[in-house]
Amino acid sequence: MKPKESLSEKISRISKKNHLSPLRYPGGKRKLAPLVADIFQRQGTDIKLFVEPFVGGAALSLCLLESGVAEEIAIADKDDLVAAFWQVVFSNEAEKLADQVSNSKVNIRSWRKIKADKPSRILDKAFKCIFLNRTSFSGILHDRAGPIGGIGQTGKYRIDCRFNKDALSRRIIELSNYKDRVRFIRCQSYKKTFSDIKQTKLAKNSNKNLYWYLDPPFIEKANFLYRSSFKPADHELLKKQILDANFPGNWVLSYDDVQIARDLYSKYKGFSRVNLSYNARVDSVERLIASEIVVSNVIERLRLKGRKGIPAMGKIIPLNGFTCNRNASLGKRVAS
Ligand SMILES: C[S@@+](CC[C@H](N)C(=O)[O-])C[C@H]1O[C@@H](n2cnc3c(N)ncnc32)[C@H](O)[C@@H]1O
């Protein structure tokens, strides 16, 4: 008989799924899913609501939703194309989007047309998002990003090499089945998401069941990657808000491991670094991203309690979690 899959194995398997997210998102964090789940597991309360205010490709939300670890998710992004994409995926219009993906013509002509379009209908925005994301250099939606293979299609890869119509449309339909467990999807700044969530009964009454993953725009090069990015003062403000004693719930924040991020958080008791090792392209140069900064009020509490197995502040922790407990459960799990 096949041994029963542990929760961490399940999360790790889902995080590696092909097309986990239909978006090939720059800075996508699917690799962090097992670690974030492990951190949450150590908090030991049910995840009634999991919130991602910088959702992008939604890698973490999708892992926690599909594994059944989170009862509900609430997601938002300031980019209207990204927000529209998720709004349609988790709606009754998902099938229309899947059909549009299946029937799309992927060539430079259609790329130019879609890039120039200024759609107002949500379905068209959602299609523009997935089309440009899967056909542009490194999945970048920013105006400055060109098509894969270049306008002359002289590169090693062609514009349609990442546009597997069948797999993408199938995945859109598959994800739409989870729509009843999506509390909201909004196009808004994280500040508004913070205030919206603070107004909920959950935040007011039992915020131990409220969980957040915060993945703000990269500190370096974000203005090439996203249509909306942060200025240095925004990173400071975000820090001030989440370190406020009244910020509700349990949270994990991640950043690319650069000096500015270390300066911001290295004195905080919940500061850690994690080994990632992946290649990312933010311009024409491919770089090895070796570590990420992970900060969490759960880690802070565990350290304050002197819990064993928690690496010292700033020490590198492995991607599969602190001391991976194969049989531990993560609160109540809903059918998935
Ligand atoms: C690092 S990416 C998130 C990637 C995501 N975690 C994933 O796995 O795909 C940061 C996201 O923040 C969004 N963003 C930028 N400024 C924002 C703001 N002020 N409020 C909310 N979202 C913002 C960007 O559009 C981008 O999608």
# chains A, B, ... in the order shown; residues from 1 in each chain; ligands from 1
call {"tool": "select_by_dssp", "arguments": {"residues": "segment 41-203 of chain A", "states": "strand (DSSP E)", "output": "number ranges by chain"}}
result
A: 47-52, 70-77, 182-187
call {"tool": "residues_around", "arguments": {"residues": "segment 23-32 of chain A", "least_positions_apart": "6", "cutoff": "9 Å", "atoms": "only C-alpha atoms", "output": "JSON, numbers by chain"}}
result
{"A": [12, 15, 16, 56, 57, 58, 59, 60, 63, 129, 130, 133, 134, 138, 139, 140, 162, 215, 217, 218, 225, 226, 256, 274, 276, 280, 281, 282, 319, 320]}
call {"tool": "write_last_selection", "arguments": {"atoms": "N, CA and C atoms", "output": "compact mmCIF listing (two decimals), in the first residue's frame"}}
result
# COMPACT_ATOMS: atom_id res chain seq x y z
N SER A 12 4.28 20.40 -1.10
CA SER A 12 5.45 20.40 -1.98
C SER A 12 5.06 19.87 -3.37
N SER A 15 2.97 22.48 -5.16
CA SER A 15 3.76 23.66 -5.55
C SER A 15 4.58 23.39 -6.82
N LYS A 16 4.83 22.09 -7.11
CA LYS A 16 5.63 21.77 -8.31
C LYS A 16 4.78 21.51 -9.54
N GLY A 56 -0.11 38.83 -7.48
CA GLY A 56 0.63 38.44 -8.69
C GLY A 56 0.12 37.13 -9.25
N GLY A 57 0.99 36.14 -9.35
CA GLY A 57 0.62 34.83 -9.90
C GLY A 57 -0.08 33.93 -8.88
N ALA A 58 -0.24 34.38 -7.66
CA ALA A 58 -1.04 33.68 -6.63
C ALA A 58 -0.50 32.30 -6.23
N ALA A 59 0.78 32.05 -6.43
CA ALA A 59 1.31 30.71 -6.18
C ALA A 59 0.96 30.18 -4.78
N LEU A 60 1.16 31.02 -3.77
CA LEU A 60 0.91 30.55 -2.40
C LEU A 60 -0.57 30.30 -2.15
N CYS A 63 -1.68 27.06 -3.75
CA CYS A 63 -1.21 25.87 -3.00
C CYS A 63 -2.06 25.63 -1.77
N CYS A 129 -4.23 39.92 -19.87
CA CYS A 129 -3.26 39.55 -18.84
C CYS A 129 -2.59 38.22 -19.18
N ILE A 130 -3.38 37.19 -19.41
CA ILE A 130 -2.75 35.87 -19.62
C ILE A 130 -2.02 35.83 -20.97
N ASN A 133 1.21 37.84 -20.56
CA ASN A 133 2.07 37.17 -19.58
C ASN A 133 2.75 35.95 -20.19
N ARG A 134 2.03 35.20 -21.02
CA ARG A 134 2.60 33.96 -21.57
C ARG A 134 3.36 34.18 -22.87
N SER A 138 9.95 36.93 -20.11
CA SER A 138 9.89 36.64 -18.67
C SER A 138 8.52 36.87 -18.01
N GLY A 139 7.47 36.85 -18.79
CA GLY A 139 6.13 37.00 -18.21
C GLY A 139 5.84 38.41 -17.75
N ILE A 140 6.64 39.37 -18.23
CA ILE A 140 6.50 40.75 -17.73
C ILE A 140 5.37 41.49 -18.46
N ARG A 162 5.52 29.37 -24.79
CA ARG A 162 4.99 29.20 -23.43
C ARG A 162 3.47 29.22 -23.41
N ASP A 215 4.14 39.76 -0.19
CA ASP A 215 5.25 39.65 -1.14
C ASP A 215 5.30 40.92 -1.98
N PRO A 217 6.62 44.25 -4.17
CA PRO A 217 7.49 44.27 -5.34
C PRO A 217 8.96 44.24 -4.93
N PHE A 218 9.78 43.55 -5.72
CA PHE A 218 11.23 43.49 -5.50
C PHE A 218 11.76 44.88 -5.20
N LEU A 225 9.65 45.21 -13.80
CA LEU A 225 8.93 43.93 -13.73
C LEU A 225 7.42 44.09 -13.64
N TYR A 226 6.99 45.08 -12.87
CA TYR A 226 5.56 45.21 -12.59
C TYR A 226 5.03 46.54 -13.09
N ASP A 256 13.46 39.86 -1.77
CA ASP A 256 14.73 39.42 -2.31
C ASP A 256 15.81 39.83 -1.30
N VAL A 274 16.35 32.35 3.66
CA VAL A 274 16.09 31.00 3.15
C VAL A 274 16.85 30.79 1.85
N LEU A 276 17.18 29.65 -1.78
CA LEU A 276 16.22 29.47 -2.88
C LEU A 276 16.86 28.85 -4.13
N ALA A 280 16.70 34.09 -12.27
CA ALA A 280 15.64 35.04 -12.65
C ALA A 280 16.22 36.05 -13.61
N ARG A 281 15.40 36.46 -14.51
CA ARG A 281 15.80 37.47 -15.46
C ARG A 281 14.98 38.71 -15.19
N VAL A 282 15.62 39.81 -14.90
CA VAL A 282 14.83 41.02 -14.74
C VAL A 282 15.14 41.98 -15.88
N LEU A 319 14.59 25.22 2.49
CA LEU A 319 13.31 25.52 1.82
C LEU A 319 12.15 24.65 2.29
N ASN A 320 12.46 23.44 2.73
CA ASN A 320 11.34 22.56 3.10
C ASN A 320 10.90 22.78 4.55
call {"tool": "residues_around", "arguments": {"residues": "Ile14 of chain A", "least_positions_apart": "5", "cutoff": "12 Å", "atoms": "only C-alpha atoms", "output": "list in words"}}
result
Glu5, Leu7, Ser8, Glu9, His19, Leu20, Ser21, Arg30, Lys31, Leu32, Ala33, Pro34, Ala59, Leu60, Ser61, Leu62, Cys63, Leu64, Leu65, Glu66, Ser67, Gly68, Val69 and Ser336 of chain A
call {"tool": "closest_residue", "arguments": {"among": "A:Glu93, A:Tyr268, A:Ser229, A:Ser189", "to": "Arg301 of chain A", "atoms": "only C-alpha atoms"}}
result
A:Tyr268
call {"tool": "closest_residue", "arguments": {"among": "A:Thr45, A:Asn103, A:Ser254, A:Ser206", "to": "ligand 1", "atoms": "only C-alpha atoms and all ligand atoms"}}
result
A:Ser254
call {"tool": "residues_around", "arguments": {"residues": "Ser110 of chain A", "least_positions_apart": "3", "cutoff": "12 Å", "atoms": "only C-alpha atoms", "output": "PyMOL selection string"}}
result
chain A and resi 104-107+113-117+128+131-132+135+147+151+159-160
call {"tool": "write_last_selection", "arguments": {"atoms": "N, CA and C atoms", "output": "compact mmCIF listing (two decimals), in the first residue's frame"}}
result
# COMPACT_ATOMS: atom_id res chain seq x y z
N SER A 104 -7.16 31.27 -29.29
CA SER A 104 -6.38 32.48 -29.63
C SER A 104 -5.32 32.20 -30.69
N LYS A 105 -5.04 33.25 -31.45
CA LYS A 105 -3.95 33.16 -32.44
C LYS A 105 -2.74 33.79 -31.78
N VAL A 106 -1.66 33.02 -31.69
CA VAL A 106 -0.48 33.55 -31.00
C VAL A 106 0.60 33.88 -32.03
N ASN A 107 0.66 35.12 -32.41
CA ASN A 107 1.71 35.57 -33.33
C ASN A 107 2.01 37.06 -33.04
N LYS A 113 -1.43 43.85 -31.30
CA LYS A 113 -2.79 44.36 -31.16
C LYS A 113 -3.23 44.33 -29.67
N ILE A 114 -2.98 43.18 -29.05
CA ILE A 114 -3.41 43.03 -27.65
C ILE A 114 -2.61 43.97 -26.74
N LYS A 115 -1.34 44.14 -27.03
CA LYS A 115 -0.51 45.05 -26.23
C LYS A 115 -1.06 46.49 -26.29
N ALA A 116 -1.52 46.90 -27.46
CA ALA A 116 -2.00 48.28 -27.64
C ALA A 116 -3.43 48.47 -27.14
N ASP A 117 -4.19 47.38 -27.07
CA ASP A 117 -5.61 47.48 -26.64
C ASP A 117 -5.73 48.07 -25.24
N LYS A 128 -6.16 39.74 -21.85
CA LYS A 128 -4.94 40.52 -22.12
C LYS A 128 -3.84 40.11 -21.12
N PHE A 131 -2.58 36.51 -21.97
CA PHE A 131 -1.93 36.49 -23.29
C PHE A 131 -0.54 37.14 -23.21
N LEU A 132 -0.48 38.35 -22.68
CA LEU A 132 0.81 39.05 -22.62
C LEU A 132 1.77 38.35 -21.66
N THR A 135 3.29 35.38 -23.42
CA THR A 135 3.99 35.59 -24.71
C THR A 135 5.08 36.66 -24.62
N PRO A 147 8.02 40.83 -26.94
CA PRO A 147 7.56 39.44 -27.06
C PRO A 147 8.72 38.44 -26.96
N ILE A 151 10.61 41.04 -31.73
CA ILE A 151 9.62 41.44 -32.75
C ILE A 151 9.92 40.74 -34.08
N ILE A 159 7.38 33.11 -30.08
CA ILE A 159 6.37 33.77 -29.24
C ILE A 159 5.38 32.80 -28.56
N ASP A 160 5.11 31.66 -29.21
CA ASP A 160 4.09 30.75 -28.65
C ASP A 160 4.67 29.64 -27.78
call {"tool": "select_by_dssp", "arguments": {"residues": "segment 24-175 of chain A", "states": "helix (DSSP H, G or I)", "output": "ChimeraX atom specification"}}
result
/A:30-43,59-66,80-89,94-102,108-116,122-135,137-139,165-175
call {"tool": "residues_around", "arguments": {"residues": "Ile316 of chain A", "least_positions_apart": "5", "cutoff": "7 Å", "atoms": "only C-alpha atoms", "output": "short mmCIF file (atom, residue, chain, number, x, y, z; two decimals) with C-alpha atoms, in the first residue's frame"}}
result
data_model
loop_
_atom_site.label_atom_id
_atom_site.label_comp_id
_atom_site.auth_asym_id
_atom_site.auth_seq_id
_atom_site.Cartn_x
_atom_site.Cartn_y
_atom_site.Cartn_z
CA SER A 272 15.29 34.75 8.69
CA ARG A 273 16.89 33.94 5.38
CA VAL A 274 16.09 31.00 3.15
CA ASN A 275 18.00 29.18 0.44
#
call {"tool": "atom_distance", "arguments": {"atom1": "atom CA of Ile148 of chain A", "atom2": "atom CA of Lys165 of chain A"}}
result
16.3 Å
